[in-house]
>>> print(open('protein_10.cif').read())   # mmCIF, C-alpha atoms
data_entry
#
loop_
_atom_site.group_PDB
_atom_site.id
_atom_site.type_symbol
_atom_site.label_atom_id
_atom_site.label_comp_id
_atom_site.auth_asym_id
_atom_site.auth_seq_id
_atom_site.Cartn_x
_atom_site.Cartn_y
_atom_site.Cartn_z
ATOM 1 C CA MET A 1 109.527 47.545 53.165
ATOM 2 C CA LYS A 2 108.295 49.208 49.959
ATOM 3 C CA LEU A 3 109.760 46.381 47.886
ATOM 4 C CA THR A 4 107.966 43.758 49.990
ATOM 5 C CA LEU A 5 104.636 45.569 49.683
ATOM 6 C CA LYS A 6 105.085 45.850 45.896
ATOM 7 C CA PHE A 7 105.863 42.125 45.720
ATOM 8 C CA ILE A 8 102.751 41.286 47.725
ATOM 9 C CA LEU A 9 100.527 43.472 45.500
ATOM 10 C CA ILE A 10 101.991 42.016 42.300
ATOM 11 C CA SER A 11 101.628 38.468 43.655
ATOM 12 C CA ALA A 12 98.006 39.141 44.583
ATOM 13 C CA ALA A 13 97.289 40.546 41.104
ATOM 14 C CA VAL A 14 98.842 37.475 39.452
ATOM 15 C CA LEU A 15 96.864 35.161 41.724
ATOM 16 C CA VAL A 16 93.552 36.903 40.931
ATOM 17 C CA THR A 17 94.328 36.885 37.193
ATOM 18 C CA ASN A 18 95.140 33.162 37.254
ATOM 19 C CA PHE A 19 91.958 32.443 39.218
ATOM 20 C CA ASN A 20 89.853 34.406 36.715
ATOM 21 C CA MET A 21 91.476 32.579 33.783
ATOM 22 C CA HIS A 22 90.804 29.215 35.442
ATOM 23 C CA GLU A 23 87.206 30.225 36.151
ATOM 24 C CA ALA A 24 86.706 31.315 32.510
ATOM 25 C CA LYS A 25 88.105 28.008 31.232
ATOM 26 C CA ALA A 26 85.820 26.067 33.582
ATOM 27 C CA GLN A 27 82.783 27.922 32.260
ATOM 28 C CA ALA A 28 83.826 27.431 28.625
ATOM 29 C CA VAL A 29 82.275 23.931 28.734
ATOM 30 C CA LYS A 30 78.862 23.253 30.241
ATOM 31 C CA CYS A 31 77.490 19.706 30.583
ATOM 32 C CA PHE A 32 74.054 18.235 31.246
ATOM 33 C CA ASP A 33 72.798 14.709 31.871
ATOM 34 C CA VAL A 34 69.871 13.800 29.606
ATOM 35 C CA SER A 35 67.622 10.909 30.637
ATOM 36 C CA SER A 36 66.215 8.437 28.133
ATOM 37 C CA ARG A 37 63.050 8.113 30.261
ATOM 38 C CA THR A 38 61.917 11.738 29.872
ATOM 39 C CA GLY A 39 60.787 13.678 26.781
ATOM 40 C CA TRP A 40 62.079 17.209 26.222
ATOM 41 C CA GLN A 41 64.385 18.290 29.061
ATOM 42 C CA TYR A 42 65.105 22.017 29.376
ATOM 43 C CA PHE A 43 68.492 23.562 30.178
ATOM 44 C CA ASP A 44 69.744 27.131 30.646
ATOM 45 C CA LEU A 45 73.294 27.527 29.331
ATOM 46 C CA GLY A 46 73.816 30.879 31.066
ATOM 47 C CA GLY A 47 75.395 32.464 27.978
ATOM 48 C CA PRO A 48 75.918 31.787 24.275
ATOM 49 C CA TYR A 49 77.314 28.386 23.247
ATOM 50 C CA THR A 50 78.078 27.366 19.676
ATOM 51 C CA ARG A 51 79.293 23.746 19.724
ATOM 52 C CA ILE A 52 78.642 20.300 21.084
ATOM 53 C CA ALA A 53 81.993 19.604 22.791
ATOM 54 C CA SER A 54 81.295 15.970 23.687
ATOM 55 C CA VAL A 55 78.600 13.368 24.203
ATOM 56 C CA GLY A 56 79.193 10.464 26.567
ATOM 57 C CA GLY A 57 77.262 7.618 28.106
ATOM 58 C CA GLY A 58 74.673 5.376 26.516
ATOM 59 C CA TRP A 59 70.943 4.801 26.329
ATOM 60 C CA SER A 60 68.463 2.365 24.834
ATOM 61 C CA VAL A 61 64.844 2.601 23.700
ATOM 62 C CA ASP A 62 64.239 -0.937 24.987
ATOM 63 C CA ALA A 63 66.665 -1.888 27.734
ATOM 64 C CA ARG A 64 65.616 -5.554 27.786
ATOM 65 C CA SER A 65 66.162 -6.124 24.062
ATOM 66 C CA TYR A 66 68.766 -3.642 22.781
ATOM 67 C CA ALA A 67 72.218 -2.644 24.009
ATOM 68 C CA PRO A 68 72.837 1.017 24.882
ATOM 69 C CA VAL A 69 73.898 3.322 22.042
ATOM 70 C CA GLY A 70 75.303 6.835 21.822
ATOM 71 C CA PRO A 71 73.812 9.897 20.121
ATOM 72 C CA GLN A 72 73.737 8.242 16.694
ATOM 73 C CA GLY A 73 70.887 5.972 17.872
ATOM 74 C CA HIS A 74 70.006 2.354 17.170
ATOM 75 C CA ASN A 75 70.545 0.742 13.775
ATOM 76 C CA GLU A 76 69.014 -2.675 14.519
ATOM 77 C CA PRO A 77 66.652 -3.821 11.743
ATOM 78 C CA GLY A 78 64.381 -5.441 14.364
ATOM 79 C CA LEU A 79 63.160 -1.987 15.396
ATOM 80 C CA GLU A 80 61.748 -1.082 11.950
ATOM 81 C CA PRO A 81 58.221 -2.430 12.617
ATOM 82 C CA TYR A 82 57.963 -0.043 15.585
ATOM 83 C CA ASN A 83 58.661 3.202 13.692
ATOM 84 C CA GLN A 84 55.324 4.662 14.830
ATOM 85 C CA TYR A 85 56.838 4.815 18.333
ATOM 86 C CA LYS A 86 59.566 7.261 17.296
ATOM 87 C CA TYR A 87 59.313 10.931 18.223
ATOM 88 C CA ASP A 88 60.495 11.705 14.666
ATOM 89 C CA GLN A 89 60.238 8.889 12.115
ATOM 90 C CA GLY A 90 62.902 10.475 9.908
ATOM 91 C CA TYR A 91 65.694 9.554 12.350
ATOM 92 C CA PRO A 92 66.888 6.385 14.106
ATOM 93 C CA PHE A 93 65.434 5.263 17.420
ATOM 94 C CA GLY A 94 67.558 6.663 20.217
ATOM 95 C CA ALA A 95 68.962 9.573 18.177
ATOM 96 C CA LEU A 96 69.896 12.619 20.271
ATOM 97 C CA PHE A 97 67.911 15.772 19.495
ATOM 98 C CA VAL A 98 69.014 19.251 20.605
ATOM 99 C CA ASP A 99 66.568 22.135 20.191
ATOM 100 C CA ILE A 100 67.875 25.359 18.619
ATOM 101 C CA PRO A 101 65.327 27.878 19.942
ATOM 102 C CA THR A 102 66.120 30.755 17.567
ATOM 103 C CA ASP A 103 64.637 31.775 14.223
ATOM 104 C CA GLY A 104 62.599 28.612 13.808
ATOM 105 C CA VAL A 105 65.559 26.256 13.268
ATOM 106 C CA GLY A 106 63.821 23.588 15.339
ATOM 107 C CA TYR A 107 65.919 20.700 16.608
ATOM 108 C CA VAL A 108 69.019 19.048 15.178
ATOM 109 C CA TRP A 109 70.244 15.462 15.348
ATOM 110 C CA VAL A 110 73.500 15.533 17.262
ATOM 111 C CA ARG A 111 75.785 12.613 16.391
ATOM 112 C CA GLY A 112 78.789 13.773 18.437
ATOM 113 C CA VAL A 113 81.126 16.755 18.423
ATOM 114 C CA GLN A 114 79.721 19.333 16.015
ATOM 115 C CA GLN A 115 79.009 23.000 15.391
ATOM 116 C CA LEU A 116 75.469 24.167 16.187
ATOM 117 C CA PRO A 117 73.578 26.028 13.427
ATOM 118 C CA LYS A 118 73.296 29.115 15.670
ATOM 119 C CA PRO A 119 74.589 30.199 19.086
ATOM 120 C CA ILE A 120 72.151 29.263 21.857
ATOM 121 C CA THR A 121 71.712 30.372 25.477
ATOM 122 C CA ARG A 122 69.066 27.787 26.371
ATOM 123 C CA THR A 123 67.972 24.491 24.876
ATOM 124 C CA ALA A 124 65.858 21.380 25.229
ATOM 125 C CA ILE A 125 67.266 17.887 24.628
ATOM 126 C CA ARG A 126 65.630 14.480 24.176
ATOM 127 C CA ILE A 127 65.881 10.934 22.880
ATOM 128 C CA ASN A 128 64.129 9.967 19.656
ATOM 129 C CA ASP A 129 61.371 7.849 21.160
ATOM 130 C CA ALA A 130 57.687 8.686 21.463
ATOM 131 C CA ASP A 131 56.533 10.206 24.752
ATOM 132 C CA ASN A 132 54.182 7.264 25.341
ATOM 133 C CA ALA A 133 57.025 4.741 24.827
ATOM 134 C CA LEU A 134 59.664 6.098 27.240
ATOM 135 C CA GLY A 135 58.833 3.670 30.070
ATOM 136 C CA ASP A 136 61.054 0.806 28.867
ATOM 137 C CA ASN A 137 64.042 3.061 28.110
ATOM 138 C CA SER A 138 67.269 3.008 30.063
ATOM 139 C CA GLY A 139 70.381 5.159 30.311
ATOM 140 C CA VAL A 140 71.673 8.701 30.199
ATOM 141 C CA LEU A 141 73.750 10.746 27.770
ATOM 142 C CA ARG A 142 75.992 13.512 29.092
ATOM 143 C CA VAL A 143 75.926 16.371 26.559
ATOM 144 C CA CYS A 144 78.613 19.072 26.818
ATOM 145 C CA PHE A 145 78.486 22.461 25.095
ATOM 146 C CA SER A 146 81.414 24.786 24.367
ATOM 147 C CA ARG A 147 81.803 28.337 23.091
#
>>> encode(input="protein_10.cif", output="structure tokens")
Amino acid sequence: MKLTLKFILISAAVLVTNFNMHEAKAQAVKCFDVSSRTGWQYFDLGGPYTRIASVGGGWSVDARSYAPVGPQGHNEPGLEPYNQYKYDQGYPFGALFVDIPTDGVGYVWVRGVQQLPKPITRTAIRINDADNALGDNSGVLRVCFSR
């Protein structure tokens, strides 16, 4: 009887430990869907994250004229005359911006998997397109953070 009780207690401890490890792994990556039709979108990471783990999906700054792109943005020369409609004219249309809300870093252009300049617990994310030009956009990027 004592041996059976010991076995049950050890089995329960192993089960709880495995559950906690699985839960920790699940929380090690946190993902958010970012719309191309909205300006800055705010997200709480619930703890410090230091990397962009992945970026998936596609979006376009003009769904009728340009195919969806990833976080690197559009490189079509036909968009050059419309540079005044960018949120930030120093980057391509459709570039993915992630805000780093600590010590005045500002936002960074995320092109894919990369280290963030500082750990963050909250952020804002957007497409590089002017707020008054978001109406003809299409698509979503799924941005995932890791520790």
>>> atom_distance(input="protein_10.cif", atom1="CA of Trp109 in chain A", atom2="CA of Leu96 in chain A")
5.7 Å
>>> resolve_selection(input="protein_10.cif", expression="the PyMOL selection byres ((chain A and resi 88) around 12)", output="PDB file with C-alpha atoms, in the coordinates of the input")
ATOM      1  CA  ASN A  83      58.661   3.202  13.692  1.00  0.00           C
ATOM      2  CA  GLN A  84      55.324   4.662  14.830  1.00  0.00           C
ATOM      3  CA  TYR A  85      56.838   4.815  18.333  1.00  0.00           C
ATOM      4  CA  LYS A  86      59.566   7.261  17.296  1.00  0.00           C
ATOM      5  CA  TYR A  87      59.313  10.931  18.223  1.00  0.00           C
ATOM      6  CA  GLN A  89      60.238   8.889  12.115  1.00  0.00           C
ATOM      7  CA  GLY A  90      62.902  10.475   9.908  1.00  0.00           C
ATOM      8  CA  TYR A  91      65.694   9.554  12.350  1.00  0.00           C
ATOM      9  CA  PRO A  92      66.888   6.385  14.106  1.00  0.00           C
ATOM     10  CA  PHE A  93      65.434   5.263  17.420  1.00  0.00           C
ATOM     11  CA  GLY A  94      67.558   6.663  20.217  1.00  0.00           C
ATOM     12  CA  ALA A  95      68.962   9.573  18.177  1.00  0.00           C
ATOM     13  CA  LEU A  96      69.896  12.619  20.271  1.00  0.00           C
ATOM     14  CA  PHE A  97      67.911  15.772  19.495  1.00  0.00           C
ATOM     15  CA  TYR A 107      65.919  20.700  16.608  1.00  0.00           C
ATOM     16  CA  VAL A 108      69.019  19.048  15.178  1.00  0.00           C
ATOM     17  CA  TRP A 109      70.244  15.462  15.348  1.00  0.00           C
ATOM     18  CA  ARG A 126      65.630  14.480  24.176  1.00  0.00           C
ATOM     19  CA  ILE A 127      65.881  10.934  22.880  1.00  0.00           C
ATOM     20  CA  ASN A 128      64.129   9.967  19.656  1.00  0.00           C
ATOM     21  CA  ASP A 129      61.371   7.849  21.160  1.00  0.00           C
ATOM     22  CA  ALA A 130      57.687   8.686  21.463  1.00  0.00           C
ATOM     23  CA  ASP A 131      56.533  10.206  24.752  1.00  0.00           C
TER      24      ASP A 131
END
>>> closest_residue(input="protein_10.cif", among="A:Asn137, A:Gln115, A:Thr38, A:Thr121", to="Val61 in chain A", atoms="only C-alpha atoms")
A:Asn137
>>> atom_distance(input="protein_10.cif", atom1="CA of Ile52 in chain A", atom2="CA of Ile125 in chain A")
12.2 Å
>>> resolve_selection(input="protein_10.cif", expression="the PyMOL selection byres ((chain A and resi 111) around 7)", output="MDAnalysis selection string")
chainID A and resid 71:72 109:110 112
>>> resolve_selection(input="protein_10.cif", expression="the PyMOL selection byres ((chain A and resi 76) around 12)", output="ChimeraX atom specification")
/A:60-62,65-69,73-75,77-83,92-94
>>> write_last_selection(input="protein_10.cif", atoms="C-alpha atoms", output="PDB file, in the coordinates of the input")
ATOM      1  CA  SER A  60      68.463   2.365  24.834  1.00  0.00           C
ATOM      2  CA  VAL A  61      64.844   2.601  23.700  1.00  0.00           C
ATOM      3  CA  ASP A  62      64.239  -0.937  24.987  1.00  0.00           C
ATOM      4  CA  SER A  65      66.162  -6.124  24.062  1.00  0.00           C
ATOM      5  CA  TYR A  66      68.766  -3.642  22.781  1.00  0.00           C
ATOM      6  CA  ALA A  67      72.218  -2.644  24.009  1.00  0.00           C
ATOM      7  CA  PRO A  68      72.837   1.017  24.882  1.00  0.00           C
ATOM      8  CA  VAL A  69      73.898   3.322  22.042  1.00  0.00           C
ATOM      9  CA  GLY A  73      70.887   5.972  17.872  1.00  0.00           C
ATOM     10  CA  HIS A  74      70.006   2.354  17.170  1.00  0.00           C
ATOM     11  CA  ASN A  75      70.545   0.742  13.775  1.00  0.00           C
ATOM     12  CA  PRO A  77      66.652  -3.821  11.743  1.00  0.00           C
ATOM     13  CA  GLY A  78      64.381  -5.441  14.364  1.00  0.00           C
ATOM     14  CA  LEU A  79      63.160  -1.987  15.396  1.00  0.00           C
ATOM     15  CA  GLU A  80      61.748  -1.082  11.950  1.00  0.00           C
ATOM     16  CA  PRO A  81      58.221  -2.430  12.617  1.00  0.00           C
ATOM     17  CA  TYR A  82      57.963  -0.043  15.585  1.00  0.00           C
ATOM     18  CA  ASN A  83      58.661   3.202  13.692  1.00  0.00           C
ATOM     19  CA  PRO A  92      66.888   6.385  14.106  1.00  0.00           C
ATOM     20  CA  PHE A  93      65.434   5.263  17.420  1.00  0.00           C
ATOM     21  CA  GLY A  94      67.558   6.663  20.217  1.00  0.00           C
TER      22      GLY A  94
END
>>> atom_distance(input="protein_10.cif", atom1="CA of Gln114 in chain A", atom2="CA of Val140 in chain A")
19.5 Å
>>> closest_residue(input="protein_10.cif", among="A:Thr123, A:Ser146, A:Gln41, A:Asn132", to="Val105 in chain A", atoms="only C-alpha atoms")
A:Thr123
>>> residues_around(input="protein_10.cif", residues="Arg37 in chain A", least_positions_apart="4", cutoff="8 Å", atoms="only C-alpha atoms", output="PDB file with C-alpha atoms, in the frame of the given file")
ATOM      1  CA  LEU A 134      59.664   6.098  27.240  1.00  0.00           C
ATOM      2  CA  GLY A 135      58.833   3.670  30.070  1.00  0.00           C
ATOM      3  CA  ASP A 136      61.054   0.806  28.867  1.00  0.00           C
ATOM      4  CA  ASN A 137      64.042   3.061  28.110  1.00  0.00           C
ATOM      5  CA  SER A 138      67.269   3.008  30.063  1.00  0.00           C
ATOM      6  CA  GLY A 139      70.381   5.159  30.311  1.00  0.00           C
TER       7      GLY A 139
END
>>> residues_around(input="protein_10.cif", residues="Tyr49 in chain A", least_positions_apart="5", cutoff="10 Å", atoms="all atoms listed in the file", output="PDB file with C-alpha atoms, keeping the file's coordinate frame")
ATOM      1  CA  ALA A  28      83.826  27.431  28.625  1.00  0.00           C
ATOM      2  CA  VAL A  29      82.275  23.931  28.734  1.00  0.00           C
ATOM      3  CA  LYS A  30      78.862  23.253  30.241  1.00  0.00           C
ATOM      4  CA  GLN A 115      79.009  23.000  15.391  1.00  0.00           C
ATOM      5  CA  LEU A 116      75.469  24.167  16.187  1.00  0.00           C
ATOM      6  CA  LYS A 118      73.296  29.115  15.670  1.00  0.00           C
ATOM      7  CA  PRO A 119      74.589  30.199  19.086  1.00  0.00           C
ATOM      8  CA  ILE A 120      72.151  29.263  21.857  1.00  0.00           C
ATOM      9  CA  THR A 121      71.712  30.372  25.477  1.00  0.00           C
ATOM     10  CA  ARG A 122      69.066  27.787  26.371  1.00  0.00           C
ATOM     11  CA  PHE A 145      78.486  22.461  25.095  1.00  0.00           C
ATOM     12  CA  SER A 146      81.414  24.786  24.367  1.00  0.00           C
ATOM     13  CA  ARG A 147      81.803  28.337  23.091  1.00  0.00           C
TER      14      ARG A 147
END
>>> axis_aligned_box(input="protein_10.cif", around="range 129-132 of chain A", padding_each_side="3 Å", output="JSON")
{"center_x": 57.8, "center_y": 8.7, "center_z": 23.3, "size_x": 13.2, "size_y": 8.9, "size_z": 10.2}
>>> closest_residue(input="protein_10.cif", among="A:Ser36, A:Asp99, A:Cys31, A:Phe43", to="Val55 in chain A", atoms="all atoms listed in the file")
A:Cys31
>>> closest_residue(input="protein_10.cif", among="A:Val113, A:Ala133, A:Ala124, A:Ile100", to="Val34 in chain A", atoms="only C-alpha atoms")
A:Ala124
>>> closest_residue(input="protein_10.cif", among="A:Pro117, A:Gly39, A:Gly106, A:Gly70", to="Gly56 in chain A", atoms="all atoms listed in the file")
A:Gly70
>>> build_atoms(input="protein_10.cif", residues="range 116-127 of chain A", atoms="all heavy atoms", output="PDB file, keeping the file's coordinate frame")
ATOM      1  N   LEU A 116      76.918  23.950  16.204  1.00  0.00           N
ATOM      2  CA  LEU A 116      75.469  24.167  16.187  1.00  0.00           C
ATOM      3  C   LEU A 116      75.136  25.157  15.074  1.00  0.00           C
ATOM      4  O   LEU A 116      75.971  25.992  14.720  1.00  0.00           O
ATOM      5  CB  LEU A 116      75.007  24.704  17.540  1.00  0.00           C
ATOM      6  CG  LEU A 116      75.197  23.752  18.726  1.00  0.00           C
ATOM      7  CD1 LEU A 116      74.904  24.460  20.031  1.00  0.00           C
ATOM      8  CD2 LEU A 116      74.328  22.521  18.565  1.00  0.00           C
ATOM      9  N   PRO A 117      73.924  25.110  14.518  1.00  0.00           N
ATOM     10  CA  PRO A 117      73.578  26.028  13.427  1.00  0.00           C
ATOM     11  C   PRO A 117      73.564  27.498  13.843  1.00  0.00           C
ATOM     12  O   PRO A 117      73.766  28.371  13.013  1.00  0.00           O
ATOM     13  CB  PRO A 117      72.190  25.591  12.987  1.00  0.00           C
ATOM     14  CG  PRO A 117      71.779  24.463  13.836  1.00  0.00           C
ATOM     15  CD  PRO A 117      72.877  24.144  14.785  1.00  0.00           C
ATOM     16  N   LYS A 118      73.321  27.746  15.134  1.00  0.00           N
ATOM     17  CA  LYS A 118      73.296  29.115  15.670  1.00  0.00           C
ATOM     18  C   LYS A 118      73.735  29.065  17.124  1.00  0.00           C
ATOM     19  O   LYS A 118      73.541  28.056  17.788  1.00  0.00           O
ATOM     20  CB  LYS A 118      71.884  29.703  15.607  1.00  0.00           C
ATOM     21  CG  LYS A 118      71.365  29.888  14.212  1.00  0.00           C
ATOM     22  CD  LYS A 118      70.080  30.690  14.236  1.00  0.00           C
ATOM     23  CE  LYS A 118      69.665  30.997  12.834  1.00  0.00           C
ATOM     24  NZ  LYS A 118      69.929  32.332  12.421  1.00  0.00           N
ATOM     25  N   PRO A 119      74.293  30.162  17.641  1.00  0.00           N
ATOM     26  CA  PRO A 119      74.589  30.199  19.086  1.00  0.00           C
ATOM     27  C   PRO A 119      73.288  30.117  19.887  1.00  0.00           C
ATOM     28  O   PRO A 119      72.268  30.675  19.479  1.00  0.00           O
ATOM     29  CB  PRO A 119      75.256  31.572  19.284  1.00  0.00           C
ATOM     30  CG  PRO A 119      75.705  31.989  17.923  1.00  0.00           C
ATOM     31  CD  PRO A 119      74.752  31.360  16.949  1.00  0.00           C
ATOM     32  N   ILE A 120      73.335  29.400  21.011  1.00  0.00           N
ATOM     33  CA  ILE A 120      72.151  29.263  21.857  1.00  0.00           C
ATOM     34  C   ILE A 120      72.505  29.585  23.304  1.00  0.00           C
ATOM     35  O   ILE A 120      73.637  29.388  23.735  1.00  0.00           O
ATOM     36  CB  ILE A 120      71.531  27.854  21.763  1.00  0.00           C
ATOM     37  CG1 ILE A 120      72.545  26.766  22.148  1.00  0.00           C
ATOM     38  CG2 ILE A 120      70.993  27.599  20.370  1.00  0.00           C
ATOM     39  CD1 ILE A 120      71.966  25.366  22.222  1.00  0.00           C
ATOM     40  N   THR A 121      71.534  30.091  24.048  1.00  0.00           N
ATOM     41  CA  THR A 121      71.712  30.372  25.477  1.00  0.00           C
ATOM     42  C   THR A 121      70.846  29.451  26.331  1.00  0.00           C
ATOM     43  O   THR A 121      70.998  29.393  27.539  1.00  0.00           O
ATOM     44  CB  THR A 121      71.348  31.831  25.801  1.00  0.00           C
ATOM     45  OG1 THR A 121      69.996  32.069  25.416  1.00  0.00           O
ATOM     46  CG2 THR A 121      72.286  32.793  25.072  1.00  0.00           C
ATOM     47  N   ARG A 122      69.921  28.764  25.700  1.00  0.00           N
ATOM     48  CA  ARG A 122      69.066  27.787  26.371  1.00  0.00           C
ATOM     49  C   ARG A 122      68.723  26.723  25.340  1.00  0.00           C
ATOM     50  O   ARG A 122      68.838  26.948  24.133  1.00  0.00           O
ATOM     51  CB  ARG A 122      67.803  28.436  26.925  1.00  0.00           C
ATOM     52  CG  ARG A 122      66.966  29.093  25.876  1.00  0.00           C
ATOM     53  CD  ARG A 122      65.785  29.868  26.447  1.00  0.00           C
ATOM     54  NE  ARG A 122      65.214  30.761  25.478  1.00  0.00           N
ATOM     55  CZ  ARG A 122      64.434  30.405  24.466  1.00  0.00           C
ATOM     56  NH1 ARG A 122      64.093  29.152  24.306  1.00  0.00           N
ATOM     57  NH2 ARG A 122      63.975  31.297  23.619  1.00  0.00           N
ATOM     58  N   THR A 123      68.305  25.563  25.813  1.00  0.00           N
ATOM     59  CA  THR A 123      67.972  24.491  24.876  1.00  0.00           C
ATOM     60  C   THR A 123      67.070  23.469  25.550  1.00  0.00           C
ATOM     61  O   THR A 123      66.862  23.511  26.765  1.00  0.00           O
ATOM     62  CB  THR A 123      69.243  23.809  24.324  1.00  0.00           C
ATOM     63  OG1 THR A 123      68.881  22.952  23.247  1.00  0.00           O
ATOM     64  CG2 THR A 123      69.967  23.006  25.387  1.00  0.00           C
ATOM     65  N   ALA A 124      66.552  22.570  24.757  1.00  0.00           N
ATOM     66  CA  ALA A 124      65.858  21.380  25.229  1.00  0.00           C
ATOM     67  C   ALA A 124      66.491  20.200  24.495  1.00  0.00           C
ATOM     68  O   ALA A 124      66.889  20.325  23.333  1.00  0.00           O
ATOM     69  CB  ALA A 124      64.365  21.474  24.932  1.00  0.00           C
ATOM     70  N   ILE A 125      66.586  19.061  25.183  1.00  0.00           N
ATOM     71  CA  ILE A 125      67.266  17.887  24.628  1.00  0.00           C
ATOM     72  C   ILE A 125      66.409  16.657  24.915  1.00  0.00           C
ATOM     73  O   ILE A 125      65.787  16.565  25.968  1.00  0.00           O
ATOM     74  CB  ILE A 125      68.664  17.721  25.259  1.00  0.00           C
ATOM     75  CG1 ILE A 125      69.460  19.028  25.184  1.00  0.00           C
ATOM     76  CG2 ILE A 125      69.436  16.603  24.585  1.00  0.00           C
ATOM     77  CD1 ILE A 125      70.773  18.999  25.943  1.00  0.00           C
ATOM     78  N   ARG A 126      66.421  15.688  23.966  1.00  0.00           N
ATOM     79  CA  ARG A 126      65.630  14.480  24.176  1.00  0.00           C
ATOM     80  C   ARG A 126      66.163  13.326  23.336  1.00  0.00           C
ATOM     81  O   ARG A 126      66.929  13.516  22.409  1.00  0.00           O
ATOM     82  CB  ARG A 126      64.164  14.700  23.855  1.00  0.00           C
ATOM     83  CG  ARG A 126      63.849  14.819  22.380  1.00  0.00           C
ATOM     84  CD  ARG A 126      62.363  14.752  22.058  1.00  0.00           C
ATOM     85  NE  ARG A 126      61.810  13.457  22.380  1.00  0.00           N
ATOM     86  CZ  ARG A 126      60.621  13.269  22.949  1.00  0.00           C
ATOM     87  NH1 ARG A 126      59.841  14.297  23.227  1.00  0.00           N
ATOM     88  NH2 ARG A 126      60.192  12.048  23.229  1.00  0.00           N
ATOM     89  N   ILE A 127      65.649  12.148  23.655  1.00  0.00           N
ATOM     90  CA  ILE A 127      65.881  10.934  22.880  1.00  0.00           C
ATOM     91  C   ILE A 127      64.792  10.820  21.816  1.00  0.00           C
ATOM     92  O   ILE A 127      63.663  11.274  22.024  1.00  0.00           O
ATOM     93  CB  ILE A 127      65.865   9.691  23.806  1.00  0.00           C
ATOM     94  CG1 ILE A 127      66.326   8.431  23.069  1.00  0.00           C
ATOM     95  CG2 ILE A 127      64.484   9.502  24.443  1.00  0.00           C
ATOM     96  CD1 ILE A 127      66.529   7.231  24.002  1.00  0.00           C
TER      97      ILE A 127
END
